[in-house]
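Worksheet for the structure shown next.
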Amino acid sequence: MIHFLNLMRWKNLVMIALAQILIKYALLLPFFESHGVMTTLSPLNFSLLVIATVCIAASGYVINDIYDIETDKVNKPERLIVNRHISEKVALRLFIILNIIGVGLGFYLSNGIGKSGFFVIFIIASALLYIYSSYLKQMLLIGNIVVSLTVALSLLLVGIFELLPVINEENREVQIFFFRLILDYAIFAFMINFIRELVKDIEDIDGDHKAGMQTLPIALGRERSTKIVCILSLIPLFSVVYYVITNLFKQQLFVGYFLIFVIAPLIYITIKLFGAEHKSHYKHLSLVLKLVMLTGLLSITLYPYLLK
């Protein structure tokens with residue numbers, strides 16, 4: 001069982017589920033009475049949305065490992081699962097089952113709220129993750145952008161399903177305000193994940209080169225790529241600083257939280273990238289970026305104190 005959980009990257013799936021739960025129960029529901037925020041999904045149907053999202057994300061991790069068997073033998077031999085602990089045939093069946101569950105639940109939910117067109121989102125997400133693993137990840141930057149967009153989409157799904165179906169003339173302003181808040185977090189998730197994808201590409205340059213991939217470090221070399229990623233890491237840093245100054249400057253709780261748990265780690269990442277040379281350095285930075293993603297998402301819990 002542990003090998004199946006590791007194959008599906010259960011820690012990442014927990015983070016996706018946590019982000020969606022925080023948006024629903026810390027950002028939207030607390031403001032039903034005070035701000036008139038209206039949501040669409042019952043607790044049961046919201047749980048199904050989380051399960052659908054997690055299943056599609058898990059299927060993406062499974063198919064990615066299937067296509068990465070050869071590169072993982074070089075990059076992460078100790079973490080190789082497919083054809084060592086789980087056969088490729090079983091992994092492929094798991095990929096199909098997870099997709100059927102995810103897309104099936106997406107179809108049920110979309111029709112249940114009278115927005116059958118929303119079903120296309122699940123189809124696109126599933127298709128993108130497959131195409132990413134089989135083709136796009138070999139293309140310069142395109143694969144990095146696509147996988148980061150799917151991460152951002154997992155957050156936006158909550159806004160799309162909870163807020164948009166119940167918009168009317170009376171509540172349009174407040175519904176759009178909270179949808180934009182979710183969009184801000186989705187953009188943050190995109191930026192952090194994109195930087196992390198590039199850091200992982202530098203870390204995995206040896207195996208990717210052997211597999212004939214065309215990643216940024218293979219095209220430009222490890223040193224140049226590190227400098228580019230170092231410069232790119234300034235974008236989320238400056239974006240968060242600007243966001244805090246513009247929207248949250250008078251809220252000491254928010255300012256303190258972002259300074260300690262988001263801005264300071266982002267500064268640390270930029271400094272460490274400047275001097276990164278060895279594979280262990282990039283592995284460490286990848287972990288810190290994942291932690292920044294988590295701390296950034298956890299800031300959602302502060303909004304009931306900000307907007308009370």
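Quick note on naming: the chains in the structure tokens go A, B, ... in the order shown, residues restart at 1 in each chain, and ligands are numbered from 1 in order of appearance.
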Considering only C-alpha atoms, give me a table of residues in segment 217-285 of chain A that are at most 10 Å from segment 204-207 of chain A, with the closest atom pair and distance in Å for each, as JSON lines.
{"residue": "A:Pro217", "atom": "CA", "partner": "A:Ile205", "partner_atom": "CA", "distance": 6.6}
{"residue": "A:Ile218", "atom": "CA", "partner": "A:Ile205", "partner_atom": "CA", "distance": 6.5}
{"residue": "A:Gly221", "atom": "CA", "partner": "A:Ile205", "partner_atom": "CA", "distance": 8.9}
{"residue": "A:Arg222", "atom": "CA", "partner": "A:Ile205", "partner_atom": "CA", "distance": 7.8}
{"residue": "A:Lys279", "atom": "CA", "partner": "A:Asp204", "partner_atom": "CA", "distance": 8.0}
{"residue": "A:Tyr282", "atom": "CA", "partner": "A:Asp204", "partner_atom": "CA", "distance": 9.3}
{"residue": "A:Lys283", "atom": "CA", "partner": "A:Asp204", "partner_atom": "CA", "distance": 9.5}
Would you save the residues from that selection as a PDB file, in the first residue's frame, using C-alpha atoms?
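Result went into part.pdb, see below:
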ATOM      1  CA  PRO A 217      19.355  23.413 -18.162  1.00  0.00           C
ATOM      2  CA  ILE A 218      20.000  21.024 -21.068  1.00  0.00           C
ATOM      3  CA  GLY A 221      23.617  24.568 -19.209  1.00  0.00           C
ATOM      4  CA  ARG A 222      23.302  24.276 -15.437  1.00  0.00           C
ATOM      5  CA  LYS A 279      22.480  18.416  -6.882  1.00  0.00           C
ATOM      6  CA  TYR A 282      18.736  22.084  -5.802  1.00  0.00           C
ATOM      7  CA  LYS A 283      17.025  19.276  -3.895  1.00  0.00           C
TER       8      LYS A 283
END
Practice task
Excluding Asn83 of chain A and any residue of its chain fewer than 6 positions from it, enumerate the residues within 10 Å of it, using only C-alpha atoms, and give them as a ChimeraX atom specification.
Solution key: /A:66,69,89-91
Serialized selection, C-alpha atoms, as a PDB file, in the first residue's frame:
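Heads up, here's the output in out_16.pdb:
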ATOM      1  CA  ILE A  66       5.480   5.417 -16.034  1.00  0.00           C
ATOM      2  CA  ILE A  69      11.188   5.003 -15.645  1.00  0.00           C
ATOM      3  CA  LYS A  89       0.776  -2.836 -16.187  1.00  0.00           C
ATOM      4  CA  VAL A  90      -0.704  -2.312 -12.706  1.00  0.00           C
ATOM      5  CA  ALA A  91       0.415   1.335 -12.684  1.00  0.00           C
TER       6      ALA A  91
END
Exercise for the section: Could you tell me, as a PyMOL selection string, which residues of segment 119-188 of chain A DSSP assigns to alpha helix (DSSP H) when given the backbone? Expected result: chain A and resi 119-134+142-162+172-188
Taking only residues of segment 115-156 of chain A that have an atom at most 12 Å from an atom of segment 38-53 of chain A, what is each one's shortest atom pair and its distance in Å to one decimal, using only C-alpha atoms, in chain and number order, as JSON lines?
{"residue": "A:Lys115", "atom": "CA", "partner": "A:Thr40", "partner_atom": "CA", "distance": 11.2}
{"residue": "A:Phe118", "atom": "CA", "partner": "A:Leu49", "partner_atom": "CA", "distance": 11.9}
{"residue": "A:Phe119", "atom": "CA", "partner": "A:Ala52", "partner_atom": "CA", "distance": 11.2}
{"residue": "A:Ile121", "atom": "CA", "partner": "A:Thr53", "partner_atom": "CA", "distance": 10.6}
{"residue": "A:Phe122", "atom": "CA", "partner": "A:Thr53", "partner_atom": "CA", "distance": 8.2}
{"residue": "A:Ile123", "atom": "CA", "partner": "A:Ala52", "partner_atom": "CA", "distance": 11.4}
{"residue": "A:Ala125", "atom": "CA", "partner": "A:Thr53", "partner_atom": "CA", "distance": 9.3}
{"residue": "A:Ser126", "atom": "CA", "partner": "A:Thr53", "partner_atom": "CA", "distance": 9.8}
{"residue": "A:Thr150", "atom": "CA", "partner": "A:Thr53", "partner_atom": "CA", "distance": 10.2}
{"residue": "A:Val151", "atom": "CA", "partner": "A:Thr53", "partner_atom": "CA", "distance": 10.1}
{"residue": "A:Ala152", "atom": "CA", "partner": "A:Thr53", "partner_atom": "CA", "distance": 11.8}
{"residue": "A:Leu153", "atom": "CA", "partner": "A:Thr53", "partner_atom": "CA", "distance": 9.6}
{"residue": "A:Ser154", "atom": "CA", "partner": "A:Thr53", "partner_atom": "CA", "distance": 6.6}
{"residue": "A:Leu155", "atom": "CA", "partner": "A:Thr53", "partner_atom": "CA", "distance": 9.6}
{"residue": "A:Leu156", "atom": "CA", "partner": "A:Thr53", "partner_atom": "CA", "distance": 11.1}
Practice task
May I ask which of the residues A:Lys11, A:Lys137, A:Lys272, A:His209 is the closest one to Val74 of chain A, counting only C-alpha atoms?
Solution key: A:His209
Exercise for the section: Within 8 Å of Phe179 of chain A, counting only C-alpha atoms, which residues show up once you throw out same-chain ones fewer than 5 positions away? Write them as a ChimeraX atom specification, please. Expected result: /A:159-160,163
Closest pair table for segment 132-235 of chain A residues within 12 Å of segment 242-250 of chain A, only C-alpha atoms, as JSON lines:
{"residue": "A:Leu181", "atom": "CA", "partner": "A:Asn247", "partner_atom": "CA", "distance": 11.1}
{"residue": "A:Asp184", "atom": "CA", "partner": "A:Tyr243", "partner_atom": "CA", "distance": 9.3}
{"residue": "A:Tyr185", "atom": "CA", "partner": "A:Tyr243", "partner_atom": "CA", "distance": 11.1}
{"residue": "A:Ile187", "atom": "CA", "partner": "A:Tyr243", "partner_atom": "CA", "distance": 12.0}
{"residue": "A:Phe188", "atom": "CA", "partner": "A:Tyr243", "partner_atom": "CA", "distance": 10.7}
{"residue": "A:Leu234", "atom": "CA", "partner": "A:Tyr242", "partner_atom": "CA", "distance": 11.9}
{"residue": "A:Ile235", "atom": "CA", "partner": "A:Tyr242", "partner_atom": "CA", "distance": 10.4}
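Among the candidates A:Leu220, A:Met191, A:Ile56, A:Glu203, the residue lying nearest to Lys76 of chain A is A:Glu203 (atoms considered: only C-alpha atoms).
Of the listed residues A:Leu164, A:Ile63, A:Ala19, A:Ala219, the one whose atoms come nearest to Leu129 of chain A is A:Ile63, with distances taken using only C-alpha atoms.
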